[in-house]
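Structure first, commentary second.
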Amino acid sequence: MKWIYSVSLAVSLAMQPAFADDLFGPHPMTEQARDAFVNQLLSKMTLDEKIGQMRLISVGPDTPKSAVRDMIQHGQVGAIFNTVTRQDIRAMQDQVMQLSRLKIPLFFAYDVVHGQRTIFPIPLGLAASWDLDAIAEVGRVSAYEAADDGLNMTWAPMVDVSREPRWGRGSEGFGEDTFLSAQMGSSMVKAMQGKSAADRFSIMTSVKHFAAYGAVEGGRDYNTVDMSPQRLFQDYLPPYKASLDAGSGGVMVALNSLNGTPATADSWLLKDILRGDWKFKGITISDHGAIKELIKHGVASDPQDAVRIAMKSGIDMSMSDEYYSKYLPGLVKSGAVSMAEVDDAARHVLNVKYDMGLFNDPYSHLGPKESDPQDTNAESRLHRAEARDVARKSIVLLKNWRETLPLKKDATIALVGPLADSQRDIMGSWSAAGVAKQSIPLLQGMRNAMAGKGTVLYAKGANISDNKGIQDFLNLYEQAVSVDKRSPQELIDEAVAQAKKADVVVAAVGEAQGMAHEASSRSDLVIPPSQQKLLAALKATGKPLVIVLMNGRPLTVVNEDKQADAMLETWFSGTEGGNAIADVLFGDYNPSGKLPVSFPRSVGQIPIYYNHLPTGRPYNFAKPNKYTSHYYDAVNGPLYPFGYGLSYTTFTVSPVKMSSRTMPRNGSVEASVTVTNSGKRDGATVVQLYLNDPVASISRPVQELRGFQRIMLKAGESQTVKFKIDVDALKFWNQKMQHIAEPGKINVMIGLDSVRTQDAQFDYL
Ligand code: BGC
């Protein structure tokens, strides 16, 4: 493919001075060659040019194109984010080649979190597929589309484990479980980076937000995180580590403080752990404005101090603040920051540029001008089939009373709810360069499925919220939700009239995408009252009620669970969401998704997660006792547990067979079950392995996910599913922070969710 780009490369190289001749490749993609190249380059750079490499900016009102041009000319910028078309990217790379002294290519980054032009389900939904092949598909398509737009890096995957549904950013992550998040994150990294981040259709990943951002107190965004070292190492760090072991070239540093130290100022985290223990060689990038925020965090006295601390802590590149450029020269002059420290940071930036292949060809993700797409959002650039395939797999069937689902296509169906016809909301948060008008809302999806057979009667039924404050919050920067001017009662009356004419009612309710986003923390998790009133009125019609939830976090839906005859969790399902949901509603696809998070019954239960520690006074439902660990006004357990999800068929799981009753030191055992599709339809399910160490030197969780396999079974078919358990699955961080496996009994639980399991035991010798 390389020859395609030779035209633009030749043009740009012709304009370069002598030094640039050896600057541009072909360079061997080895660490040794890279180090030699980067050292040579560094030796030719002035201090200002080095500092320039450490600056990452977004073109916008604060940094207009003219200012960027100026910065490029003076070598004051290393990378750009939020610019997403080949034309714009090319213009800036041309400026580097034409105007700057050293012609060090820029790299271009963007938040490609769940798709670029084609939007896949939000990551929380992707996690619900428990399907690593699907994740790889999302990664490959996203990287392809992003690279085709000229991008080199994404700020993804986000692998912040979160047990905090009030936090809006849980939508961007893979849920509450460490093992699942680690598997998802590493699969995404491998798929996006491909064989090499330098390849034409690969992009480099930047795993975020390091570390433990998902544990912000009270679920309030940007808030403090405080946790024991055991919990940090056992539950929160492994997904970052797994993503880095998978080769992620970048790390974005979290905005929160961890045990009192803001991550941006945490040399223990960024140097001792990341570079020391984990041997990370890539680039660390501060989050948006985080260096400045060190002052507000109360650890830096002034801008100079903030820069000094960030540098000493190991922040290579600053995102969207001018502090490095402004204050580093003075700090180096005064000796407060050494040249070696600047060199280290600049070296990391140059290293990743080398790894992105930018010194082989600064235009490698651009190609010649003539190849630029006429229409960036052309339909032909989308990957709809892949999006639909993955979206179907992410949908979780929560309830299906008397087989209400699947629906018949030749029926009359009332489709109501503020999310039924919303092209924008269905794309979810961080929908990159996705265009709302290209997404399929549920109304369109159902019409497509029922065309020529049945009838859909649509009514909005309610606004997302009747609360003016919430409406204004959602519409702060743009008209994100449209507010119907009719009164709530008029909207409900119209919906009820449609419901009365129908055989069955489908209600699409939940959250607007802006309710589950950055800076979108909630203090309750209910479906907004406007929509609750609608559901009550629909229920009163006596028609079968199917609730289709669209949301970016677990919601408290105890009442809706009672009202609904059937309920689907569809998250924000992306460009093809409406078609995918219709596939499930009408049985063209048999749902197989499983919850990657526990669904609390109320906010009061938070934090609620399946892998909690035992207490000294466990509550026994069969033998209640006042002085045991429980609420007197609510049950302890979630409404829907982790790993839960129904199907249109039924599955049975045999007792567990162990290959041996004992596992030798550092050896392994195998646990297996036979899963049978005992129903009438073909279907997929996810077999889950949980382990528990019932007696250890510190309390260990009542169960922890240690393996899963998604299997497809024809009606009546059986399959034996085997899990190899080795010593790594038993290891934990003890009180002295040693990572060990202790001899003793280990409980094995295998099931199709975290609650109903078949159990066995073995001895670790
Ligand atoms: C977010 C990051 C994101 C960055 C760039 C920040 O506000 O916390 O997750 O990557 O903006 O868009």
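Ordered as shown in the structure tokens, chains take letters A, B, and onward, while each chain numbers its residues from 1 and ligands are numbered from 1 in the order shown.
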* Might you pull out every residue within 10 Å of Ala263 in chain A, with only C-alpha atoms counted and same-chain residues fewer than 2 positions away left off, and present them as a list in words? =>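 So the residues in contact are His209, Phe210, Ala211, Ala212, Tyr213, Val253, Ala254, Leu255, Asn256, Ser257, Leu258, Asn259, Gly260, Thr261, Ala265, Asp266, Ser267, Trp268, Leu269, Leu270, Ser286, Asp287, Ala290, Leu294, Ala310, Ser313 and Ile315 of chain A.
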What would the file look like if the residues just selected were written as an mmCIF file, in the first residue's frame with N, CA and C atoms?
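This is the output file again.cif:
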```cif
data_model
loop_
_atom_site.group_PDB
_atom_site.id
_atom_site.type_symbol
_atom_site.label_atom_id
_atom_site.label_comp_id
_atom_site.auth_asym_id
_atom_site.auth_seq_id
_atom_site.Cartn_x
_atom_site.Cartn_y
_atom_site.Cartn_z
ATOM 1 N N HIS A 209 -8.156 5.861 32.713
ATOM 2 C CA HIS A 209 -7.436 7.041 33.213
ATOM 3 C C HIS A 209 -6.653 6.537 34.404
ATOM 4 N N PHE A 210 -5.353 6.590 34.300
ATOM 5 C CA PHE A 210 -4.462 5.960 35.257
ATOM 6 C C PHE A 210 -4.301 6.860 36.467
ATOM 7 N N ALA A 211 -4.816 6.502 37.628
ATOM 8 C CA ALA A 211 -5.430 5.234 37.972
ATOM 9 C C ALA A 211 -6.622 5.446 38.897
ATOM 10 N N ALA A 212 -7.508 4.441 38.789
ATOM 11 C CA ALA A 212 -8.625 4.292 39.735
ATOM 12 C C ALA A 212 -9.664 5.411 39.673
ATOM 13 N N TYR A 213 -9.759 6.050 38.505
ATOM 14 C CA TYR A 213 -10.720 7.156 38.339
ATOM 15 C C TYR A 213 -12.164 6.679 38.599
ATOM 16 N N VAL A 253 -3.292 9.972 32.108
ATOM 17 C CA VAL A 253 -3.258 10.010 33.567
ATOM 18 C C VAL A 253 -4.565 10.607 34.099
ATOM 19 N N ALA A 254 -5.018 10.058 35.217
ATOM 20 C CA ALA A 254 -6.342 10.420 35.745
ATOM 21 C C ALA A 254 -6.368 11.825 36.343
ATOM 22 N N LEU A 255 -7.566 12.373 36.428
ATOM 23 C CA LEU A 255 -7.745 13.709 36.991
ATOM 24 C C LEU A 255 -7.846 13.683 38.507
ATOM 25 N N ASN A 256 -8.204 12.518 39.046
ATOM 26 C CA ASN A 256 -8.451 12.425 40.484
ATOM 27 C C ASN A 256 -7.158 12.303 41.278
ATOM 28 N N SER A 257 -7.307 12.508 42.575
ATOM 29 C CA SER A 257 -6.197 12.167 43.458
ATOM 30 C C SER A 257 -6.419 10.755 43.966
ATOM 31 N N LEU A 258 -5.333 10.116 44.321
ATOM 32 C CA LEU A 258 -5.389 8.753 44.840
ATOM 33 C C LEU A 258 -4.678 8.763 46.187
ATOM 34 N N ASN A 259 -5.412 8.480 47.217
ATOM 35 C CA ASN A 259 -4.864 8.509 48.583
ATOM 36 C C ASN A 259 -4.145 9.830 48.862
ATOM 37 N N GLY A 260 -4.755 10.898 48.394
ATOM 38 C CA GLY A 260 -4.247 12.236 48.708
ATOM 39 C C GLY A 260 -3.328 12.849 47.668
ATOM 40 N N THR A 261 -2.810 12.038 46.763
ATOM 41 C CA THR A 261 -1.908 12.601 45.751
ATOM 42 C C THR A 261 -2.599 12.628 44.393
ATOM 43 N N ALA A 265 0.468 14.215 39.865
ATOM 44 C CA ALA A 265 1.618 14.558 40.697
ATOM 45 C C ALA A 265 2.170 13.322 41.390
ATOM 46 N N ASP A 266 1.821 12.153 40.878
ATOM 47 C CA ASP A 266 2.113 10.922 41.617
ATOM 48 C C ASP A 266 3.283 10.155 41.002
ATOM 49 N N SER A 267 4.468 10.452 41.470
ATOM 50 C CA SER A 267 5.651 9.800 40.881
ATOM 51 C C SER A 267 5.686 8.318 41.255
ATOM 52 N N TRP A 268 5.069 7.966 42.366
ATOM 53 C CA TRP A 268 5.003 6.540 42.738
ATOM 54 C C TRP A 268 4.217 5.776 41.660
ATOM 55 N N LEU A 269 3.084 6.367 41.271
ATOM 56 C CA LEU A 269 2.234 5.716 40.274
ATOM 57 C C LEU A 269 2.900 5.722 38.891
ATOM 58 N N LEU A 270 3.387 6.906 38.490
ATOM 59 C CA LEU A 270 3.854 7.078 37.112
ATOM 60 C C LEU A 270 5.287 6.622 36.894
ATOM 61 N N SER A 286 -1.062 13.927 30.345
ATOM 62 C CA SER A 286 -1.971 14.405 31.398
ATOM 63 C C SER A 286 -3.363 14.525 30.795
ATOM 64 N N ASP A 287 -4.386 14.442 31.626
ATOM 65 C CA ASP A 287 -5.729 14.701 31.107
ATOM 66 C C ASP A 287 -5.911 16.220 30.995
ATOM 67 N N ALA A 290 -4.934 19.096 33.431
ATOM 68 C CA ALA A 290 -4.677 18.518 34.759
ATOM 69 C C ALA A 290 -3.455 19.123 35.451
ATOM 70 N N LEU A 294 -3.315 21.073 39.486
ATOM 71 C CA LEU A 294 -2.528 20.720 40.680
ATOM 72 C C LEU A 294 -2.584 21.845 41.717
ATOM 73 N N ALA A 310 4.658 18.158 38.024
ATOM 74 C CA ALA A 310 4.213 17.252 36.944
ATOM 75 C C ALA A 310 5.413 16.625 36.255
ATOM 76 N N SER A 313 7.031 14.102 38.385
ATOM 77 C CA SER A 313 6.179 12.926 38.600
ATOM 78 C C SER A 313 6.112 12.035 37.372
ATOM 79 N N ILE A 315 4.989 13.179 33.935
ATOM 80 C CA ILE A 315 4.038 13.524 32.873
ATOM 81 C C ILE A 315 4.841 13.967 31.649
#
```
* To do: Go through the chains and note each residue within 6 Å of ligand 1, using only C-alpha atoms and all ligand atoms, then give the set as number ranges by chain.
  => A: 111, 155, 287-288
Grab the residues selected above and save them as an mmCIF file, in the first residue's frame with all heavy atoms.
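The file below, result-v9.cif, is the result:
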```
data_model
loop_
_atom_site.group_PDB
_atom_site.id
_atom_site.type_symbol
_atom_site.label_atom_id
_atom_site.label_comp_id
_atom_site.auth_asym_id
_atom_site.auth_seq_id
_atom_site.Cartn_x
_atom_site.Cartn_y
_atom_site.Cartn_z
ATOM 1 N N ASP A 111 -10.783 10.993 20.721
ATOM 2 C CA ASP A 111 -11.455 10.035 21.607
ATOM 3 C C ASP A 111 -12.260 9.035 20.784
ATOM 4 O O ASP A 111 -13.475 9.151 20.655
ATOM 5 C CB ASP A 111 -12.387 10.772 22.565
ATOM 6 C CG ASP A 111 -11.628 11.536 23.631
ATOM 7 O OD1 ASP A 111 -11.222 10.921 24.617
ATOM 8 O OD2 ASP A 111 -11.438 12.762 23.462
ATOM 9 N N TRP A 155 -7.662 8.069 22.490
ATOM 10 C CA TRP A 155 -7.692 8.104 23.959
ATOM 11 C C TRP A 155 -8.609 6.982 24.421
ATOM 12 O O TRP A 155 -9.717 7.206 24.880
ATOM 13 C CB TRP A 155 -8.201 9.449 24.472
ATOM 14 C CG TRP A 155 -7.603 10.694 23.908
ATOM 15 C CD1 TRP A 155 -8.278 11.808 23.520
ATOM 16 C CD2 TRP A 155 -6.212 11.014 23.731
ATOM 17 N NE1 TRP A 155 -7.408 12.777 23.095
ATOM 18 C CE2 TRP A 155 -6.130 12.314 23.208
ATOM 19 C CE3 TRP A 155 -5.026 10.306 23.953
ATOM 20 C CZ2 TRP A 155 -4.922 12.931 22.902
ATOM 21 C CZ3 TRP A 155 -3.821 10.921 23.643
ATOM 22 C CH2 TRP A 155 -3.781 12.214 23.137
ATOM 23 N N ASP A 287 -4.386 14.442 31.626
ATOM 24 C CA ASP A 287 -5.729 14.701 31.107
ATOM 25 C C ASP A 287 -5.911 16.220 30.995
ATOM 26 O O ASP A 287 -5.090 17.012 31.467
ATOM 27 C CB ASP A 287 -6.792 14.032 31.999
ATOM 28 C CG ASP A 287 -8.109 13.831 31.251
ATOM 29 O OD1 ASP A 287 -8.275 14.391 30.139
ATOM 30 O OD2 ASP A 287 -8.994 13.125 31.772
ATOM 31 N N HIS A 288 -7.011 16.563 30.362
ATOM 32 C CA HIS A 288 -7.318 17.942 29.998
ATOM 33 C C HIS A 288 -7.075 18.946 31.138
ATOM 34 O O HIS A 288 -7.813 18.957 32.119
ATOM 35 C CB HIS A 288 -8.798 17.975 29.598
ATOM 36 C CG HIS A 288 -9.119 19.023 28.606
ATOM 37 N ND1 HIS A 288 -9.255 20.346 28.955
ATOM 38 C CD2 HIS A 288 -9.325 18.951 27.281
ATOM 39 C CE1 HIS A 288 -9.543 21.035 27.875
ATOM 40 N NE2 HIS A 288 -9.589 20.220 26.836
#
```
* Would you list, as a PyMOL selection string, the residues of range 656-699 of chain A that end up in strand (DSSP E) under DSSP run on this structure's backbone? => chain A and resi 657-658+662-663+668-677+683-692
Dump of C-alpha atoms for the selected residues, as a CSV table (one decimal), in the first residue's frame:
```
chain,number,residue,atom,x,y,z
A,657,LYS,CA,-16.2,-32.0,37.0
A,658,MET,CA,-12.7,-31.4,38.3
A,662,THR,CA,-5.8,-31.3,44.2
A,663,MET,CA,-3.7,-28.7,42.4
A,668,SER,CA,-3.1,-26.3,37.3
A,669,VAL,CA,-6.4,-28.1,37.4
A,670,GLU,CA,-9.3,-28.2,34.9
A,671,ALA,CA,-12.9,-27.6,35.8
A,672,SER,CA,-15.6,-28.5,33.3
A,673,VAL,CA,-19.4,-28.5,32.9
A,674,THR,CA,-21.7,-29.6,30.2
A,675,VAL,CA,-24.1,-26.9,29.0
A,676,THR,CA,-27.2,-28.0,27.2
A,677,ASN,CA,-29.6,-25.9,25.2
A,683,GLY,CA,-28.9,-19.5,21.2
A,684,ALA,CA,-25.7,-18.3,22.7
A,685,THR,CA,-24.8,-17.9,26.3
A,686,VAL,CA,-21.8,-17.1,28.5
A,687,VAL,CA,-20.4,-19.7,30.8
A,688,GLN,CA,-18.8,-18.0,33.8
A,689,LEU,CA,-16.1,-19.4,36.2
A,690,TYR,CA,-15.8,-17.9,39.6
A,691,LEU,CA,-13.4,-18.8,42.4
A,692,ASN,CA,-13.3,-18.2,46.1
```
* What lies within 12 Å of range 725-731 of chain A using only C-alpha atoms, ignoring chain neighbours under 5 positions off, as a VMD selection string? -> chain A and resid 179 230 233 to 234 658 to 660 662 to 672 689 to 694 696 700 to 701 703 to 708 737 to 748 761 to 765
Write the residues of the selection above to a file with N, CA and C atoms, as a compact mmCIF listing (two decimals), in the first residue's frame.
```
# COMPACT_ATOMS: atom_id res chain seq x y z
N PHE A 179 -11.45 -8.68 36.04
CA PHE A 179 -11.05 -9.68 35.03
C PHE A 179 -11.70 -9.35 33.68
N GLN A 230 -4.22 -3.05 48.83
CA GLN A 230 -4.69 -4.36 48.38
C GLN A 230 -5.78 -4.20 47.32
N PHE A 233 -4.33 -2.76 43.98
CA PHE A 233 -3.56 -3.72 43.18
C PHE A 233 -4.39 -4.92 42.74
N GLN A 234 -5.32 -5.32 43.59
CA GLN A 234 -6.10 -6.50 43.27
C GLN A 234 -7.22 -6.21 42.27
N MET A 658 -14.10 -31.90 38.17
CA MET A 658 -12.72 -31.44 38.34
C MET A 658 -11.77 -32.50 37.80
N SER A 659 -10.72 -32.06 37.12
CA SER A 659 -9.74 -33.03 36.60
C SER A 659 -8.99 -33.68 37.76
N SER A 660 -8.95 -32.98 38.89
CA SER A 660 -8.27 -33.52 40.06
C SER A 660 -8.81 -32.82 41.30
N THR A 662 -6.92 -32.07 43.69
CA THR A 662 -5.81 -31.26 44.19
C THR A 662 -5.08 -30.56 43.04
N MET A 663 -4.52 -29.44 43.39
CA MET A 663 -3.70 -28.72 42.40
C MET A 663 -2.30 -28.58 42.98
N PRO A 664 -1.31 -29.13 42.30
CA PRO A 664 0.03 -29.03 42.84
C PRO A 664 0.53 -27.58 42.81
N ARG A 665 1.50 -27.32 43.66
CA ARG A 665 2.14 -25.99 43.67
C ARG A 665 2.50 -25.54 42.25
N ASN A 666 2.05 -24.38 41.87
CA ASN A 666 2.35 -23.80 40.55
C ASN A 666 1.88 -24.66 39.38
N GLY A 667 1.02 -25.63 39.67
CA GLY A 667 0.47 -26.45 38.60
C GLY A 667 -0.88 -25.90 38.15
N SER A 668 -1.75 -26.79 37.69
CA SER A 668 -3.08 -26.33 37.27
C SER A 668 -4.08 -27.47 37.41
N VAL A 669 -5.35 -27.13 37.43
CA VAL A 669 -6.42 -28.14 37.36
C VAL A 669 -7.41 -27.66 36.30
N GLU A 670 -8.30 -28.59 35.93
CA GLU A 670 -9.30 -28.22 34.94
C GLU A 670 -10.68 -28.45 35.54
N ALA A 671 -11.54 -27.45 35.38
CA ALA A 671 -12.93 -27.59 35.82
C ALA A 671 -13.79 -27.59 34.57
N SER A 672 -14.75 -28.51 34.50
CA SER A 672 -15.58 -28.50 33.30
C SER A 672 -17.05 -28.74 33.64
N LEU A 689 -16.84 -18.67 35.09
CA LEU A 689 -16.12 -19.37 36.16
C LEU A 689 -15.77 -18.37 37.27
N TYR A 690 -16.18 -18.72 38.48
CA TYR A 690 -15.83 -17.90 39.65
C TYR A 690 -15.05 -18.75 40.65
N LEU A 691 -14.11 -18.11 41.34
CA LEU A 691 -13.36 -18.81 42.37
C LEU A 691 -13.49 -18.07 43.70
N ASN A 692 -13.28 -18.82 44.76
CA ASN A 692 -13.28 -18.22 46.10
C ASN A 692 -12.27 -18.97 46.96
N ASP A 693 -11.51 -18.19 47.70
CA ASP A 693 -10.53 -18.75 48.64
C ASP A 693 -11.14 -18.55 50.02
N PRO A 694 -11.76 -19.60 50.59
CA PRO A 694 -12.57 -19.39 51.79
C PRO A 694 -11.77 -19.14 53.07
N ALA A 696 -8.03 -17.60 54.03
CA ALA A 696 -6.75 -17.06 53.58
C ALA A 696 -6.20 -16.13 54.66
N ARG A 700 -10.91 -12.81 51.57
CA ARG A 700 -10.93 -12.79 50.10
C ARG A 700 -12.39 -12.71 49.64
N PRO A 701 -12.64 -12.12 48.46
CA PRO A 701 -14.03 -11.95 47.99
C PRO A 701 -14.82 -13.27 47.98
N GLN A 703 -16.64 -14.36 45.79
CA GLN A 703 -16.42 -14.97 44.49
C GLN A 703 -15.73 -13.95 43.58
N GLU A 704 -14.95 -14.44 42.66
CA GLU A 704 -14.27 -13.56 41.69
C GLU A 704 -14.27 -14.23 40.34
N LEU A 705 -14.64 -13.48 39.32
CA LEU A 705 -14.63 -14.02 37.96
C LEU A 705 -13.19 -14.36 37.56
N ARG A 706 -13.00 -15.57 37.06
CA ARG A 706 -11.66 -15.99 36.65
C ARG A 706 -11.64 -16.60 35.25
N GLY A 707 -12.79 -16.64 34.61
CA GLY A 707 -12.81 -17.15 33.24
C GLY A 707 -14.24 -17.05 32.69
N PHE A 708 -14.36 -16.96 31.39
CA PHE A 708 -15.69 -17.01 30.76
C PHE A 708 -15.55 -17.47 29.33
N MET A 737 1.62 -6.91 51.02
CA MET A 737 1.66 -6.56 49.60
C MET A 737 2.57 -7.48 48.80
N GLN A 738 2.50 -8.75 49.15
CA GLN A 738 3.16 -9.77 48.31
C GLN A 738 2.06 -10.41 47.48
N HIS A 739 2.38 -10.68 46.22
CA HIS A 739 1.39 -11.26 45.32
C HIS A 739 1.56 -12.77 45.35
N ILE A 740 0.69 -13.44 46.08
CA ILE A 740 0.92 -14.86 46.35
C ILE A 740 -0.37 -15.68 46.23
N ALA A 741 -0.18 -16.98 46.11
CA ALA A 741 -1.30 -17.92 46.22
C ALA A 741 -1.04 -18.76 47.47
N GLU A 742 -2.02 -18.84 48.33
CA GLU A 742 -1.82 -19.59 49.57
C GLU A 742 -2.43 -20.98 49.46
N PRO A 743 -1.78 -21.97 50.03
CA PRO A 743 -2.32 -23.33 50.00
C PRO A 743 -3.65 -23.40 50.75
N GLY A 744 -4.50 -24.31 50.36
CA GLY A 744 -5.78 -24.48 51.04
C GLY A 744 -6.89 -24.79 50.06
N LYS A 745 -8.12 -24.83 50.61
CA LYS A 745 -9.26 -25.14 49.76
C LYS A 745 -9.62 -23.97 48.85
N ILE A 746 -10.06 -24.30 47.64
CA ILE A 746 -10.54 -23.27 46.72
C ILE A 746 -11.93 -23.71 46.24
N ASN A 747 -12.89 -22.81 46.37
CA ASN A 747 -14.24 -23.11 45.87
C ASN A 747 -14.35 -22.70 44.41
N VAL A 748 -14.97 -23.56 43.64
CA VAL A 748 -15.16 -23.32 42.21
C VAL A 748 -16.66 -23.17 41.96
N GLN A 761 -14.92 -28.06 44.53
CA GLN A 761 -13.82 -27.63 45.39
C GLN A 761 -12.54 -28.35 45.01
N PHE A 762 -11.41 -27.74 45.25
CA PHE A 762 -10.16 -28.49 45.16
C PHE A 762 -9.19 -27.93 46.20
N ASP A 763 -8.13 -28.67 46.43
CA ASP A 763 -7.12 -28.21 47.39
C ASP A 763 -5.90 -27.72 46.63
N TYR A 764 -5.47 -26.53 46.95
CA TYR A 764 -4.20 -26.04 46.39
C TYR A 764 -3.12 -26.44 47.38
N LEU A 765 -2.20 -27.27 46.91
CA LEU A 765 -1.24 -27.87 47.84
C LEU A 765 -0.05 -26.94 48.14
```
* To do: Would you please extract all alpha helix (DSSP H) residues from range 443-525 of chain A, as assigned by DSSP on the backbone, and give them as a ChimeraX atom specification?
  => /A:443-450,468-474,488-501
Got time to write the residues from that selection, N, CA and C atoms, as a compact mmCIF listing (two decimals), in the first residue's frame?
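What follows is the written file again09.txt:
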```
# COMPACT_ATOMS: atom_id res chain seq x y z
N LEU A 443 -37.55 3.41 16.37
CA LEU A 443 -38.73 3.52 15.52
C LEU A 443 -38.41 3.06 14.10
N GLN A 444 -37.29 3.53 13.59
CA GLN A 444 -36.89 3.14 12.23
C GLN A 444 -36.59 1.64 12.16
N GLY A 445 -35.91 1.16 13.18
CA GLY A 445 -35.56 -0.26 13.22
C GLY A 445 -36.80 -1.14 13.21
N MET A 446 -37.80 -0.76 13.98
CA MET A 446 -39.03 -1.56 14.02
C MET A 446 -39.79 -1.46 12.70
N ARG A 447 -39.80 -0.27 12.14
CA ARG A 447 -40.46 -0.12 10.83
C ARG A 447 -39.77 -0.98 9.78
N ASN A 448 -38.45 -0.97 9.81
CA ASN A 448 -37.71 -1.81 8.86
C ASN A 448 -38.11 -3.26 9.02
N ALA A 449 -38.16 -3.71 10.27
CA ALA A 449 -38.43 -5.13 10.52
C ALA A 449 -39.87 -5.51 10.17
N MET A 450 -40.78 -4.57 10.35
CA MET A 450 -42.22 -4.90 10.17
C MET A 450 -42.76 -4.53 8.79
N LYS A 468 -36.80 21.45 34.54
CA LYS A 468 -36.18 22.50 33.74
C LYS A 468 -34.66 22.53 33.96
N GLY A 469 -34.26 22.32 35.20
CA GLY A 469 -32.83 22.34 35.52
C GLY A 469 -32.10 21.25 34.75
N ILE A 470 -32.70 20.06 34.69
CA ILE A 470 -32.05 18.96 33.98
C ILE A 470 -32.08 19.22 32.47
N GLN A 471 -33.18 19.73 31.98
CA GLN A 471 -33.24 20.07 30.54
C GLN A 471 -32.14 21.07 30.19
N ASP A 472 -32.00 22.08 31.03
CA ASP A 472 -30.97 23.10 30.75
C ASP A 472 -29.57 22.50 30.82
N PHE A 473 -29.36 21.62 31.79
CA PHE A 473 -28.06 20.96 31.93
C PHE A 473 -27.73 20.18 30.64
N LEU A 474 -28.73 19.46 30.15
CA LEU A 474 -28.48 18.64 28.96
C LEU A 474 -28.27 19.48 27.71
N PRO A 488 -47.19 17.55 29.86
CA PRO A 488 -46.94 16.13 30.14
C PRO A 488 -48.20 15.30 29.94
N GLN A 489 -49.34 15.83 30.37
CA GLN A 489 -50.58 15.05 30.25
C GLN A 489 -50.97 14.84 28.79
N GLU A 490 -50.79 15.88 27.98
CA GLU A 490 -51.11 15.73 26.55
C GLU A 490 -50.24 14.65 25.91
N LEU A 491 -48.98 14.67 26.27
CA LEU A 491 -48.06 13.66 25.71
C LEU A 491 -48.48 12.25 26.14
N ILE A 492 -48.82 12.12 27.40
CA ILE A 492 -49.25 10.80 27.91
C ILE A 492 -50.55 10.37 27.24
N ASP A 493 -51.48 11.31 27.12
CA ASP A 493 -52.79 10.96 26.52
C ASP A 493 -52.60 10.42 25.10
N GLU A 494 -51.72 11.07 24.36
CA GLU A 494 -51.48 10.61 22.98
C GLU A 494 -50.91 9.19 22.98
N ALA A 495 -49.99 8.95 23.90
CA ALA A 495 -49.36 7.62 23.96
C ALA A 495 -50.38 6.56 24.38
N VAL A 496 -51.19 6.91 25.34
CA VAL A 496 -52.21 5.95 25.82
C VAL A 496 -53.20 5.63 24.69
N ALA A 497 -53.56 6.66 23.93
CA ALA A 497 -54.49 6.43 22.81
C ALA A 497 -53.87 5.45 21.81
N GLN A 498 -52.59 5.60 21.54
CA GLN A 498 -51.90 4.67 20.63
C GLN A 498 -51.86 3.27 21.25
N ALA A 499 -51.56 3.23 22.55
CA ALA A 499 -51.45 1.93 23.23
C ALA A 499 -52.78 1.17 23.15
N LYS A 500 -53.84 1.91 23.30
CA LYS A 500 -55.16 1.24 23.30
C LYS A 500 -55.48 0.59 21.96
N LYS A 501 -54.91 1.14 20.91
CA LYS A 501 -55.18 0.58 19.56
C LYS A 501 -54.27 -0.60 19.25
```
* To do: Skip Leu613 in chain A itself and residues of its chain fewer than 2 positions away, then list as a list in words all residues within 10 Å of it, counting only C-alpha atoms.
  => Tyr609, Tyr610, Asn611, Thr615, Gly616, Ile698, Ser699, Arg700, Pro701, Val702 and Gln703 of chain A
What would the file look like if the residues just selected were written as a CSV table (one decimal), in the first residue's frame with N, CA and C atoms?
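Heads up, here's the output in again-v7.csv:
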```
chain,number,residue,atom,x,y,z
A,609,TYR,N,-21.5,-4.6,44.6
A,609,TYR,CA,-20.8,-5.4,43.6
A,609,TYR,C,-20.7,-6.8,44.0
A,610,TYR,N,-20.6,-7.7,43.0
A,610,TYR,CA,-20.8,-9.1,43.4
A,610,TYR,C,-19.5,-9.7,44.1
A,611,ASN,N,-18.4,-9.1,43.9
A,611,ASN,CA,-17.1,-9.7,44.4
A,611,ASN,C,-16.7,-9.0,45.7
A,615,THR,N,-18.3,-10.7,55.6
A,615,THR,CA,-18.2,-10.0,56.9
A,615,THR,C,-18.2,-11.0,58.0
A,616,GLY,N,-17.9,-10.5,59.2
A,616,GLY,CA,-18.0,-11.4,60.3
A,616,GLY,C,-19.4,-11.8,60.7
A,698,ILE,N,-5.8,-13.0,54.5
A,698,ILE,CA,-6.7,-11.9,54.6
A,698,ILE,C,-8.1,-12.3,54.0
A,699,SER,N,-9.1,-11.6,54.3
A,699,SER,CA,-10.4,-11.9,53.7
A,699,SER,C,-10.4,-11.8,52.2
A,700,ARG,N,-10.9,-12.8,51.6
A,700,ARG,CA,-10.9,-12.8,50.1
A,700,ARG,C,-12.4,-12.7,49.6
A,701,PRO,N,-12.6,-12.1,48.5
A,701,PRO,CA,-14.0,-12.0,48.0
A,701,PRO,C,-14.8,-13.3,48.0
A,702,VAL,N,-16.1,-13.1,48.2
A,702,VAL,CA,-17.0,-14.3,48.2
A,702,VAL,C,-16.9,-15.1,46.9
A,703,GLN,N,-16.6,-14.4,45.8
A,703,GLN,CA,-16.4,-15.0,44.5
A,703,GLN,C,-15.7,-14.0,43.6
```
